[in-house]
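**Student:** PDB, C-alpha atoms, file run_17.pdb:
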ATOM      1  CA  MET P   1     -64.167 154.605 -55.073  1.00  0.00           C
ATOM      2  CA  PHE P   2     -61.660 155.100 -52.299  1.00  0.00           C
ATOM      3  CA  LYS P   3     -60.249 158.127 -54.063  1.00  0.00           C
ATOM      4  CA  LYS P   4     -63.512 160.025 -53.656  1.00  0.00           C
ATOM      5  CA  LEU P   5     -63.577 159.586 -49.874  1.00  0.00           C
ATOM      6  CA  PRO P   6     -61.745 162.107 -47.714  1.00  0.00           C
ATOM      7  CA  ARG P   7     -58.935 159.743 -46.821  1.00  0.00           C
ATOM      8  CA  GLY P   8     -57.676 161.766 -43.872  1.00  0.00           C
ATOM      9  CA  TRP P   9     -61.058 161.752 -42.126  1.00  0.00           C
ATOM     10  CA  VAL P  10     -61.716 158.089 -42.788  1.00  0.00           C
ATOM     11  CA  ALA P  11     -58.327 157.154 -41.380  1.00  0.00           C
ATOM     12  CA  PHE P  12     -58.793 159.409 -38.375  1.00  0.00           C
ATOM     13  CA  LEU P  13     -62.254 158.047 -37.518  1.00  0.00           C
ATOM     14  CA  LEU P  14     -61.151 154.457 -37.905  1.00  0.00           C
ATOM     15  CA  VAL P  15     -58.089 154.914 -35.745  1.00  0.00           C
ATOM     16  CA  PHE P  16     -60.103 156.881 -33.164  1.00  0.00           C
ATOM     17  CA  CYS P  17     -62.863 154.250 -32.960  1.00  0.00           C
ATOM     18  CA  SER P  18     -60.454 151.338 -32.830  1.00  0.00           C
ATOM     19  CA  CYS P  19     -58.411 152.994 -30.086  1.00  0.00           C
ATOM     20  CA  PHE P  20     -61.259 153.717 -27.755  1.00  0.00           C
ATOM     21  CA  GLY P  21     -63.231 150.643 -28.741  1.00  0.00           C
ATOM     22  CA  GLY P  22     -60.152 148.528 -28.085  1.00  0.00           C
ATOM     23  CA  GLY P  23     -59.499 150.184 -24.759  1.00  0.00           C
ATOM     24  CA  TYR P  24     -63.108 149.751 -23.727  1.00  0.00           C
ATOM     25  CA  TRP P  25     -63.216 146.030 -24.600  1.00  0.00           C
ATOM     26  CA  MET P  26     -59.897 145.402 -22.868  1.00  0.00           C
ATOM     27  CA  THR P  27     -61.294 147.057 -19.724  1.00  0.00           C
ATOM     28  CA  VAL P  28     -64.533 145.030 -19.929  1.00  0.00           C
ATOM     29  CA  LEU P  29     -62.659 141.740 -20.401  1.00  0.00           C
ATOM     30  CA  VAL P  30     -60.252 142.386 -17.525  1.00  0.00           C
ATOM     31  CA  ALA P  31     -63.151 143.370 -15.265  1.00  0.00           C
ATOM     32  CA  HIS P  32     -65.045 140.232 -16.351  1.00  0.00           C
ATOM     33  CA  PHE P  33     -62.304 138.001 -14.949  1.00  0.00           C
ATOM     34  CA  GLY P  34     -62.519 139.781 -11.640  1.00  0.00           C
ATOM     35  CA  PHE P  35     -59.380 141.873 -11.751  1.00  0.00           C
ATOM     36  CA  SER P  36     -59.283 145.454 -10.706  1.00  0.00           C
ATOM     37  CA  VAL P  37     -59.086 147.813 -13.619  1.00  0.00           C
ATOM     38  CA  PRO P  38     -56.546 150.556 -13.247  1.00  0.00           C
ATOM     39  CA  LEU P  39     -56.499 153.455 -15.688  1.00  0.00           C
ATOM     40  CA  THR P  40     -53.259 152.199 -17.257  1.00  0.00           C
ATOM     41  CA  THR P  41     -55.071 149.067 -18.476  1.00  0.00           C
ATOM     42  CA  PHE P  42     -57.394 151.237 -20.482  1.00  0.00           C
ATOM     43  CA  PHE P  43     -54.501 153.122 -22.058  1.00  0.00           C
ATOM     44  CA  LEU P  44     -52.457 149.993 -22.709  1.00  0.00           C
ATOM     45  CA  GLY P  45     -55.467 148.312 -24.302  1.00  0.00           C
ATOM     46  CA  THR P  46     -56.085 151.379 -26.361  1.00  0.00           C
ATOM     47  CA  ALA P  47     -52.490 151.429 -27.553  1.00  0.00           C
ATOM     48  CA  ALA P  48     -52.489 147.716 -28.352  1.00  0.00           C
ATOM     49  CA  PHE P  49     -55.693 147.901 -30.349  1.00  0.00           C
ATOM     50  CA  ALA P  50     -54.632 151.127 -32.020  1.00  0.00           C
ATOM     51  CA  ALA P  51     -51.278 149.864 -33.222  1.00  0.00           C
ATOM     52  CA  VAL P  52     -52.521 147.350 -35.766  1.00  0.00           C
ATOM     53  CA  PRO P  53     -55.161 149.422 -37.589  1.00  0.00           C
ATOM     54  CA  PHE P  54     -52.967 152.492 -37.372  1.00  0.00           C
ATOM     55  CA  ALA P  55     -50.056 150.676 -39.007  1.00  0.00           C
ATOM     56  CA  ALA P  56     -52.385 149.129 -41.575  1.00  0.00           C
ATOM     57  CA  PHE P  57     -53.951 152.432 -42.511  1.00  0.00           C
ATOM     58  CA  THR P  58     -50.719 154.316 -42.548  1.00  0.00           C
ATOM     59  CA  GLY P  59     -49.328 151.697 -44.896  1.00  0.00           C
ATOM     60  CA  TYR P  60     -52.464 151.749 -47.025  1.00  0.00           C
ATOM     61  CA  LEU P  61     -52.498 155.534 -47.346  1.00  0.00           C
ATOM     62  CA  SER P  62     -48.790 155.792 -47.955  1.00  0.00           C
ATOM     63  CA  TYR P  63     -49.156 153.193 -50.701  1.00  0.00           C
ATOM     64  CA  PHE P  64     -51.641 155.507 -52.433  1.00  0.00           C
ATOM     65  CA  TRP P  65     -49.499 158.563 -51.820  1.00  0.00           C
ATOM     66  CA  VAL P  66     -46.482 156.816 -53.290  1.00  0.00           C
ATOM     67  CA  GLN P  67     -48.596 155.716 -56.261  1.00  0.00           C
ATOM     68  CA  ASP P  68     -49.768 159.293 -56.752  1.00  0.00           C
ATOM     69  CA  ALA P  69     -46.235 160.606 -56.497  1.00  0.00           C
ATOM     70  CA  LEU P  70     -44.997 158.071 -59.038  1.00  0.00           C
ATOM     71  CA  ARG P  71     -47.834 158.936 -61.379  1.00  0.00           C
ATOM     72  CA  LYS P  72     -47.045 162.635 -61.059  1.00  0.00           C
ATOM     73  CA  ARG P  73     -43.443 161.951 -61.987  1.00  0.00           C
ATOM     74  CA  HIS P  74     -44.577 160.500 -65.273  1.00  0.00           C
ATOM     75  CA  ILE P  75     -47.063 163.189 -66.266  1.00  0.00           C
ATOM     76  CA  ALA P  76     -45.066 165.987 -67.824  1.00  0.00           C
ATOM     77  CA  ARG P  77     -46.355 169.196 -69.314  1.00  0.00           C
ATOM     78  CA  ALA P  78     -46.093 169.399 -73.062  1.00  0.00           C
ATOM     79  CA  PRO P  79     -43.110 171.448 -74.246  1.00  0.00           C
ATOM     80  CA  GLY P  80     -44.059 175.076 -74.753  1.00  0.00           C
ATOM     81  CA  SER P  81     -47.325 174.824 -72.818  1.00  0.00           C
ATOM     82  CA  PHE P  82     -46.254 177.796 -70.707  1.00  0.00           C
ATOM     83  CA  TRP P  83     -45.910 179.890 -73.847  1.00  0.00           C
ATOM     84  CA  VAL P  84     -49.177 178.598 -75.308  1.00  0.00           C
ATOM     85  CA  ASN P  85     -51.051 179.619 -72.154  1.00  0.00           C
ATOM     86  CA  LEU P  86     -49.353 182.998 -71.857  1.00  0.00           C
ATOM     87  CA  LEU P  87     -49.403 183.998 -75.514  1.00  0.00           C
ATOM     88  CA  THR P  88     -52.949 182.864 -76.267  1.00  0.00           C
ATOM     89  CA  PHE P  89     -54.033 184.931 -73.270  1.00  0.00           C
ATOM     90  CA  LEU P  90     -52.015 188.025 -74.222  1.00  0.00           C
ATOM     91  CA  LEU P  91     -52.145 188.086 -78.005  1.00  0.00           C
ATOM     92  CA  PRO P  92     -54.919 188.046 -80.588  1.00  0.00           C
ATOM     93  CA  ARG P  93     -55.444 184.659 -82.170  1.00  0.00           C
ATOM     94  CA  LYS P  94     -54.120 185.708 -85.564  1.00  0.00           C
ATOM     95  CA  VAL P  95     -50.898 187.174 -84.168  1.00  0.00           C
ATOM     96  CA  TYR P  96     -50.343 184.048 -82.101  1.00  0.00           C
ATOM     97  CA  ALA P  97     -51.001 181.759 -85.079  1.00  0.00           C
ATOM     98  CA  ASP P  98     -48.768 183.788 -87.427  1.00  0.00           C
ATOM     99  CA  HIS P  99     -45.774 184.212 -85.150  1.00  0.00           C
ATOM    100  CA  PHE P 100     -45.774 181.462 -82.544  1.00  0.00           C
ATOM    101  CA  GLY P 101     -48.169 178.626 -83.369  1.00  0.00           C
ATOM    102  CA  GLN P 102     -45.972 176.869 -85.902  1.00  0.00           C
ATOM    103  CA  THR P 103     -42.808 177.349 -83.841  1.00  0.00           C
ATOM    104  CA  ILE P 104     -44.401 175.760 -80.777  1.00  0.00           C
ATOM    105  CA  ALA P 105     -45.796 172.903 -82.879  1.00  0.00           C
ATOM    106  CA  ASP P 106     -42.270 172.329 -84.270  1.00  0.00           C
ATOM    107  CA  MET P 107     -40.833 172.412 -80.764  1.00  0.00           C
ATOM    108  CA  ARG P 108     -43.283 169.728 -79.628  1.00  0.00           C
ATOM    109  CA  ASP P 109     -42.542 167.562 -82.643  1.00  0.00           C
ATOM    110  CA  GLU P 110     -38.796 167.752 -82.185  1.00  0.00           C
ATOM    111  CA  CYS P 111     -38.915 167.262 -78.416  1.00  0.00           C
ATOM    112  CA  ALA P 112     -41.223 164.262 -78.801  1.00  0.00           C
ATOM    113  CA  ALA P 113     -38.920 162.726 -81.423  1.00  0.00           C
ATOM    114  CA  LEU P 114     -35.834 163.236 -79.230  1.00  0.00           C
ATOM    115  CA  ASP P 115     -37.662 161.899 -76.151  1.00  0.00           C
ATOM    116  CA  PHE P 116     -38.592 158.818 -78.116  1.00  0.00           C
ATOM    117  CA  GLU P 117     -34.953 158.314 -79.100  1.00  0.00           C
ATOM    118  CA  GLY P 118     -33.869 158.904 -75.495  1.00  0.00           C
ATOM    119  CA  ARG P 119     -31.554 161.791 -76.401  1.00  0.00           C
ATOM    120  CA  LYS P 120     -32.123 163.811 -73.253  1.00  0.00           C
ATOM    121  CA  TRP P 121     -29.385 166.400 -73.611  1.00  0.00           C
ATOM    122  CA  GLN P 122     -30.191 167.198 -77.211  1.00  0.00           C
ATOM    123  CA  ARG P 123     -33.830 167.520 -76.231  1.00  0.00           C
ATOM    124  CA  ARG P 124     -32.883 170.010 -73.508  1.00  0.00           C
ATOM    125  CA  TRP P 125     -30.758 171.950 -75.951  1.00  0.00           C
ATOM    126  CA  ILE P 126     -33.490 172.051 -78.621  1.00  0.00           C
ATOM    127  CA  SER P 127     -36.014 173.093 -75.986  1.00  0.00           C
ATOM    128  CA  LEU P 128     -33.689 175.895 -74.861  1.00  0.00           C
ATOM    129  CA  VAL P 129     -33.156 177.047 -78.447  1.00  0.00           C
ATOM    130  CA  TYR P 130     -36.900 177.178 -79.083  1.00  0.00           C
ATOM    131  CA  HIS P 131     -37.533 179.037 -75.831  1.00  0.00           C
ATOM    132  CA  GLY P 132     -34.879 181.566 -76.840  1.00  0.00           C
ATOM    133  CA  ARG P 133     -36.443 181.922 -80.262  1.00  0.00           C
ATOM    134  CA  ILE P 134     -39.888 182.505 -78.794  1.00  0.00           C
ATOM    135  CA  VAL P 135     -38.535 185.143 -76.396  1.00  0.00           C
ATOM    136  CA  LEU P 136     -36.659 186.840 -79.251  1.00  0.00           C
ATOM    137  CA  THR P 137     -39.768 186.828 -81.466  1.00  0.00           C
ATOM    138  CA  LEU P 138     -41.837 188.260 -78.639  1.00  0.00           C
ATOM    139  CA  CYS P 139     -39.280 191.029 -78.025  1.00  0.00           C
ATOM    140  CA  LEU P 140     -39.120 191.872 -81.734  1.00  0.00           C
ATOM    141  CA  LEU P 141     -42.916 191.879 -81.944  1.00  0.00           C
ATOM    142  CA  ILE P 142     -43.112 194.337 -79.050  1.00  0.00           C
ATOM    143  CA  VAL P 143     -40.367 196.565 -80.488  1.00  0.00           C
ATOM    144  CA  VAL P 144     -41.957 196.576 -83.961  1.00  0.00           C
ATOM    145  CA  GLY P 145     -45.387 197.274 -82.452  1.00  0.00           C
ATOM    146  CA  VAL P 146     -44.040 200.246 -80.483  1.00  0.00           C
ATOM    147  CA  LEU P 147     -42.174 201.588 -83.531  1.00  0.00           C
ATOM    148  CA  LYS P 148     -45.330 201.302 -85.642  1.00  0.00           C
ATOM    149  CA  LYS P 149     -47.291 203.258 -83.040  1.00  0.00           C
ATOM    150  CA  ILE P 150     -44.596 205.932 -82.908  1.00  0.00           C
ATOM    151  CA  SER P 151     -44.515 206.219 -86.694  1.00  0.00           C
ATOM    152  CA  LYS P 152     -48.324 206.502 -86.778  1.00  0.00           C
ATOM    153  CA  ILE P 153     -48.291 209.261 -84.175  1.00  0.00           C
ATOM    154  CA  TRP P 154     -45.404 210.952 -85.959  1.00  0.00           C
ATOM    155  CA  SER P 155     -47.208 210.937 -89.321  1.00  0.00           C
ATOM    156  CA  ALA P 156     -50.402 212.245 -87.680  1.00  0.00           C
ATOM    157  CA  ILE P 157     -48.616 215.277 -86.212  1.00  0.00           C
TER     158      ILE P 157
ATOM    159  CA  MET D   1     -40.416 187.771-110.340  1.00  0.00           C
ATOM    160  CA  THR D   2     -37.061 186.036-109.851  1.00  0.00           C
ATOM    161  CA  PRO D   3     -37.265 183.986-106.672  1.00  0.00           C
ATOM    162  CA  SER D   4     -34.463 184.164-104.135  1.00  0.00           C
ATOM    163  CA  LYS D   5     -32.247 181.154-103.519  1.00  0.00           C
ATOM    164  CA  THR D   6     -34.280 180.116-100.461  1.00  0.00           C
ATOM    165  CA  GLU D   7     -37.566 180.649-102.257  1.00  0.00           C
ATOM    166  CA  TYR D   8     -36.344 178.562-105.171  1.00  0.00           C
ATOM    167  CA  LEU D   9     -35.341 175.790-102.795  1.00  0.00           C
ATOM    168  CA  ILE D  10     -38.777 175.795-101.152  1.00  0.00           C
ATOM    169  CA  LEU D  11     -40.507 175.789-104.539  1.00  0.00           C
ATOM    170  CA  ASP D  12     -38.265 172.935-105.617  1.00  0.00           C
ATOM    171  CA  LEU D  13     -39.165 170.916-102.514  1.00  0.00           C
ATOM    172  CA  LEU D  14     -42.865 171.512-103.116  1.00  0.00           C
ATOM    173  CA  ARG D  15     -42.640 170.975-106.876  1.00  0.00           C
ATOM    174  CA  ALA D  16     -43.779 167.361-106.729  1.00  0.00           C
ATOM    175  CA  GLY D  17     -47.210 168.572-105.702  1.00  0.00           C
ATOM    176  CA  GLY D  18     -47.155 167.459-102.114  1.00  0.00           C
ATOM    177  CA  GLU D  19     -48.154 169.443 -99.081  1.00  0.00           C
ATOM    178  CA  LEU D  20     -45.437 170.029 -96.516  1.00  0.00           C
ATOM    179  CA  TYR D  21     -45.199 172.027 -93.312  1.00  0.00           C
ATOM    180  CA  GLY D  22     -42.275 174.167 -92.181  1.00  0.00           C
ATOM    181  CA  LEU D  23     -40.352 171.595 -90.183  1.00  0.00           C
ATOM    182  CA  GLU D  24     -40.681 168.995 -92.938  1.00  0.00           C
ATOM    183  CA  LEU D  25     -39.221 171.496 -95.394  1.00  0.00           C
ATOM    184  CA  VAL D  26     -36.321 172.160 -92.998  1.00  0.00           C
ATOM    185  CA  HIS D  27     -35.614 168.433 -92.630  1.00  0.00           C
ATOM    186  CA  ARG D  28     -35.804 167.761 -96.357  1.00  0.00           C
ATOM    187  CA  SER D  29     -33.520 170.679 -97.248  1.00  0.00           C
ATOM    188  CA  ASP D  30     -30.560 169.046 -95.439  1.00  0.00           C
ATOM    189  CA  GLY D  31     -29.721 172.159 -93.472  1.00  0.00           C
ATOM    190  CA  ALA D  32     -30.199 174.671 -96.281  1.00  0.00           C
ATOM    191  CA  LEU D  33     -33.342 176.029 -94.617  1.00  0.00           C
ATOM    192  CA  LYS D  34     -33.159 177.224 -91.018  1.00  0.00           C
ATOM    193  CA  ARG D  35     -35.849 176.703 -88.417  1.00  0.00           C
ATOM    194  CA  GLY D  36     -35.720 180.332 -87.346  1.00  0.00           C
ATOM    195  CA  THR D  37     -36.282 181.858 -90.773  1.00  0.00           C
ATOM    196  CA  VAL D  38     -38.333 179.334 -92.716  1.00  0.00           C
ATOM    197  CA  TYR D  39     -41.698 180.688 -91.561  1.00  0.00           C
ATOM    198  CA  VAL D  40     -40.778 184.256 -92.482  1.00  0.00           C
ATOM    199  CA  THR D  41     -39.850 183.097 -96.000  1.00  0.00           C
ATOM    200  CA  LEU D  42     -42.974 180.955 -96.252  1.00  0.00           C
ATOM    201  CA  GLY D  43     -45.134 183.883 -95.131  1.00  0.00           C
ATOM    202  CA  ARG D  44     -43.534 186.118 -97.731  1.00  0.00           C
ATOM    203  CA  MET D  45     -44.095 183.493-100.429  1.00  0.00           C
ATOM    204  CA  VAL D  46     -47.752 183.172 -99.451  1.00  0.00           C
ATOM    205  CA  GLU D  47     -48.078 186.967 -99.735  1.00  0.00           C
ATOM    206  CA  LYS D  48     -46.515 186.788-103.218  1.00  0.00           C
ATOM    207  CA  LYS D  49     -49.015 184.008-104.016  1.00  0.00           C
ATOM    208  CA  TYR D  50     -46.305 181.476-104.853  1.00  0.00           C
ATOM    209  CA  LEU D  51     -47.764 179.183-102.195  1.00  0.00           C
ATOM    210  CA  THR D  52     -51.017 178.566-100.414  1.00  0.00           C
ATOM    211  CA  ALA D  53     -51.193 177.700 -96.730  1.00  0.00           C
ATOM    212  CA  GLU D  54     -53.926 175.533 -95.302  1.00  0.00           C
ATOM    213  CA  GLU D  55     -54.403 174.590 -91.680  1.00  0.00           C
ATOM    214  CA  GLU D  56     -54.728 170.912 -90.820  1.00  0.00           C
ATOM    215  CA  LYS D  57     -58.275 169.724 -90.248  1.00  0.00           C
ATOM    216  CA  GLU D  58     -57.166 167.365 -87.475  1.00  0.00           C
ATOM    217  CA  PRO D  59     -54.213 168.904 -85.646  1.00  0.00           C
ATOM    218  CA  SER D  60     -51.478 166.543 -84.487  1.00  0.00           C
ATOM    219  CA  HIS D  61     -51.259 168.485 -81.188  1.00  0.00           C
ATOM    220  CA  PRO D  62     -54.332 169.860 -79.430  1.00  0.00           C
ATOM    221  CA  GLY D  63     -54.792 173.533 -80.228  1.00  0.00           C
ATOM    222  CA  LEU D  64     -51.833 173.679 -82.568  1.00  0.00           C
ATOM    223  CA  PRO D  65     -52.948 173.066 -86.140  1.00  0.00           C
ATOM    224  CA  ARG D  66     -50.121 172.846 -88.639  1.00  0.00           C
ATOM    225  CA  LYS D  67     -50.058 174.979 -91.742  1.00  0.00           C
ATOM    226  CA  ARG D  68     -49.397 172.888 -94.814  1.00  0.00           C
ATOM    227  CA  TYR D  69     -47.951 174.672 -97.820  1.00  0.00           C
ATOM    228  CA  ARG D  70     -48.704 173.867-101.431  1.00  0.00           C
ATOM    229  CA  ILE D  71     -47.303 175.382-104.594  1.00  0.00           C
ATOM    230  CA  THR D  72     -49.707 177.498-106.682  1.00  0.00           C
ATOM    231  CA  GLY D  73     -49.952 177.917-110.449  1.00  0.00           C
ATOM    232  CA  LEU D  74     -48.025 181.167-110.160  1.00  0.00           C
ATOM    233  CA  GLY D  75     -45.375 179.462-108.066  1.00  0.00           C
ATOM    234  CA  GLN D  76     -45.080 176.731-110.660  1.00  0.00           C
ATOM    235  CA  ALA D  77     -44.763 179.337-113.446  1.00  0.00           C
ATOM    236  CA  VAL D  78     -42.094 181.227-111.500  1.00  0.00           C
ATOM    237  CA  MET D  79     -40.280 177.967-110.947  1.00  0.00           C
ATOM    238  CA  ASN D  80     -40.390 177.071-114.654  1.00  0.00           C
ATOM    239  CA  ALA D  81     -39.201 180.544-115.627  1.00  0.00           C
ATOM    240  CA  GLU D  82     -36.323 180.289-113.170  1.00  0.00           C
ATOM    241  CA  ASP D  83     -35.402 176.837-114.493  1.00  0.00           C
ATOM    242  CA  ALA D  84     -35.409 178.216-118.059  1.00  0.00           C
ATOM    243  CA  ARG D  85     -33.303 181.191-116.996  1.00  0.00           C
ATOM    244  CA  ARG D  86     -30.774 178.952-115.296  1.00  0.00           C
ATOM    245  CA  ALA D  87     -30.654 176.617-118.289  1.00  0.00           C
ATOM    246  CA  ALA D  88     -30.083 179.585-120.602  1.00  0.00           C
ATOM    247  CA  LEU D  89     -27.300 180.914-118.364  1.00  0.00           C
ATOM    248  CA  GLY D  90     -25.787 177.449-118.207  1.00  0.00           C
ATOM    249  CA  SER D  91     -25.828 176.984-121.982  1.00  0.00           C
ATOM    250  CA  ALA D  92     -24.297 180.460-122.433  1.00  0.00           C
ATOM    251  CA  GLY D  93     -21.412 179.304-120.307  1.00  0.00           C
ATOM    252  CA  TYR D  94     -22.194 181.396-117.245  1.00  0.00           C
ATOM    253  CA  GLY D  95     -23.120 178.460-115.067  1.00  0.00           C
ATOM    254  CA  TYR D  96     -25.367 179.007-112.066  1.00  0.00           C
ATOM    255  CA  ALA D  97     -23.836 178.635-108.676  1.00  0.00           C
TER     256      ALA D  97
END
Represent the structure from my file as structure tokens, please.
**Tutor:**
Amino acid sequence: MFKKLPRGWVAFLLVFCSCFGGGYWMTVLVAHFGFSVPLTTFFLGTAAFAAVPFAAFTGYLSYFWVQDALRKRHIARAPGSFWVNLLTFLLPRKVYADHFGQTIADMRDECAALDFEGRKWQRRWISLVYHGRIVLTLCLLIVVGVLKKISKIWSAI
Amino acid sequence: MTPSKTEYLILDLLRAGGELYGLELVHRSDGALKRGTVYVTLGRMVEKKYLTAEEEKEPSHPGLPRKRYRITGLGQAVMNAEDARRAALGSAGYGYA
């Protein structure tokens, strides 16, 4: 529920209200006992009342921010997702499925297996190899496509 | 109709009648098949109708259905013919490397 509230605004309003509310009550209390109320009393009261909720809310919010940060550290993008996004956008479905789909599926399988075994460096190496292979395939696909076009134009002349 | 060495190996791995995908074939070949070339060979074999390729109904990864390869009747016949040829060469003393 808390996540849906604009945390910044809630914190700001609470701190603002507690500061001035605190200052006001401090002034009223001091005046009630018959003392003169200089302006500094208002500010000191404000500061005193502000400190506790401010610290509490800062701690509360930073707890959530830390939680979020920790959660983000654990959510990783699937290997090859960059290529899936790019290639499915650029290429027709059939070309993608014929030339890249199986390679990316293999990459995910192997990376997942190596992650599970905790072999980080081998996983990085395998990932690099697959990225290289995808780039090479893409380059060859472009070169072959261009050559096919040229040969078509050449035969039409 | 004589299959290449790689094609024969793939047919041999699929001979039992199972369905395998590219990476499984690579793992089961003990390094004889390479990750970079297996799909080209498999594609060629599908074109020659030695194999059929079917996409998984329920992909293991979202959006990435695996193609599972199965040997066809023609593939089986080619395999048998190649086995017979190798046996004949072996019995004639030529031995098949």
**Student:** Counting all atoms listed in the file, what is within 10 Å of Leu9 (chain D), bar same-chain residues fewer than 5 positions away, as an MDAnalysis selection string?
**Tutor:** chainID D and resid 3:4 14:15 25 29 32:33 79
**Student:** Store the residues of this selection in a file with C-alpha atoms, as a tab-separated table (two decimals), in the frame of the given file.
**Tutor:**
chain	number	residue	atom	x	y	z
D	3	PRO	CA	-37.26	183.99	-106.67
D	4	SER	CA	-34.46	184.16	-104.14
D	14	LEU	CA	-42.86	171.51	-103.12
D	15	ARG	CA	-42.64	170.98	-106.88
D	25	LEU	CA	-39.22	171.50	-95.39
D	29	SER	CA	-33.52	170.68	-97.25
D	32	ALA	CA	-30.20	174.67	-96.28
D	33	LEU	CA	-33.34	176.03	-94.62
D	79	MET	CA	-40.28	177.97	-110.95
**Student:** Could you make a table, as a tab-separated table, of the residues of chain P that have an atom within 7 Å of an atom of chain D, each with its nearest atom pair and distance in Å to one decimal, counting all atoms listed in the file, in chain and number order?
**Tutor:**
residue	atom	partner	partner_atom	distance
P:Gly101	CA	D:Leu64	CA	6.2
P:Gln102	CA	D:Arg66	CA	6.4
P:Ala105	CA	D:Leu64	CA	6.1
P:Asp106	CA	D:Leu23	CA	6.3
**Student:** Quick one: distance from CA of Ala69 (chain P) to CA of Ala55 (chain P) in Å, one decimal?
**Tutor:** 20.5 Å
**Student:** Separation of CA of Thr137 (chain P) and CA of Tyr96 (chain P), in Å?
**Tutor:**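 So the two atoms, CA of Thr137 (chain P) and CA of Tyr96 (chain P), lie 11.0 Å apart.
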**Student:** Draw an axis-aligned box over all listed atoms of region 14-21 of chain D, pad each side with 3 Å, and write its centre and edge lengths in Å, one decimal, as lines of an AutoDock Vina configuration file.
**Tutor:**
center_x = -45.4
center_y = 169.7
center_z = -100.1
size_x = 11.5
size_y = 10.7
size_z = 19.6
**Student:** Selection in question (the file shown): the PyMOL selection byres ((chain P and resi 54) around 12). Which residues does it include, as a CSV table (one decimal) with C-alpha atoms, keeping the file's coordinate frame?
**Tutor:**
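Okay, this is what ended up in out_24.csv:
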chain,number,residue,atom,x,y,z
P,10,VAL,CA,-61.7,158.1,-42.8
P,11,ALA,CA,-58.3,157.2,-41.4
P,12,PHE,CA,-58.8,159.4,-38.4
P,13,LEU,CA,-62.3,158.0,-37.5
P,14,LEU,CA,-61.2,154.5,-37.9
P,15,VAL,CA,-58.1,154.9,-35.7
P,16,PHE,CA,-60.1,156.9,-33.2
P,17,CYS,CA,-62.9,154.2,-33.0
P,18,SER,CA,-60.5,151.3,-32.8
P,19,CYS,CA,-58.4,153.0,-30.1
P,46,THR,CA,-56.1,151.4,-26.4
P,47,ALA,CA,-52.5,151.4,-27.6
P,48,ALA,CA,-52.5,147.7,-28.4
P,49,PHE,CA,-55.7,147.9,-30.3
P,50,ALA,CA,-54.6,151.1,-32.0
P,51,ALA,CA,-51.3,149.9,-33.2
P,52,VAL,CA,-52.5,147.4,-35.8
P,53,PRO,CA,-55.2,149.4,-37.6
P,55,ALA,CA,-50.1,150.7,-39.0
P,56,ALA,CA,-52.4,149.1,-41.6
P,57,PHE,CA,-54.0,152.4,-42.5
P,58,THR,CA,-50.7,154.3,-42.5
P,59,GLY,CA,-49.3,151.7,-44.9
P,60,TYR,CA,-52.5,151.7,-47.0
P,61,LEU,CA,-52.5,155.5,-47.3
P,62,SER,CA,-48.8,155.8,-48.0
**Student:** By how many Å are CA of Asp115 (chain P) and CA of Asp30 (chain D) apart?
**Tutor:**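 If I compute the distance from CA of Asp115 (chain P) to CA of Asp30 (chain D), I get 21.8 Å.
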**Student:** Check the smallest atom-to-atom distance from each of P:Leu141, P:Ala113, P:Val66, P:Val30 to Asp98 (chain P) using all atoms listed in the file, then report the winner.
**Tutor:**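 Counting all atoms listed in the file, the residue closest to Asp98 (chain P) is P:Leu141.
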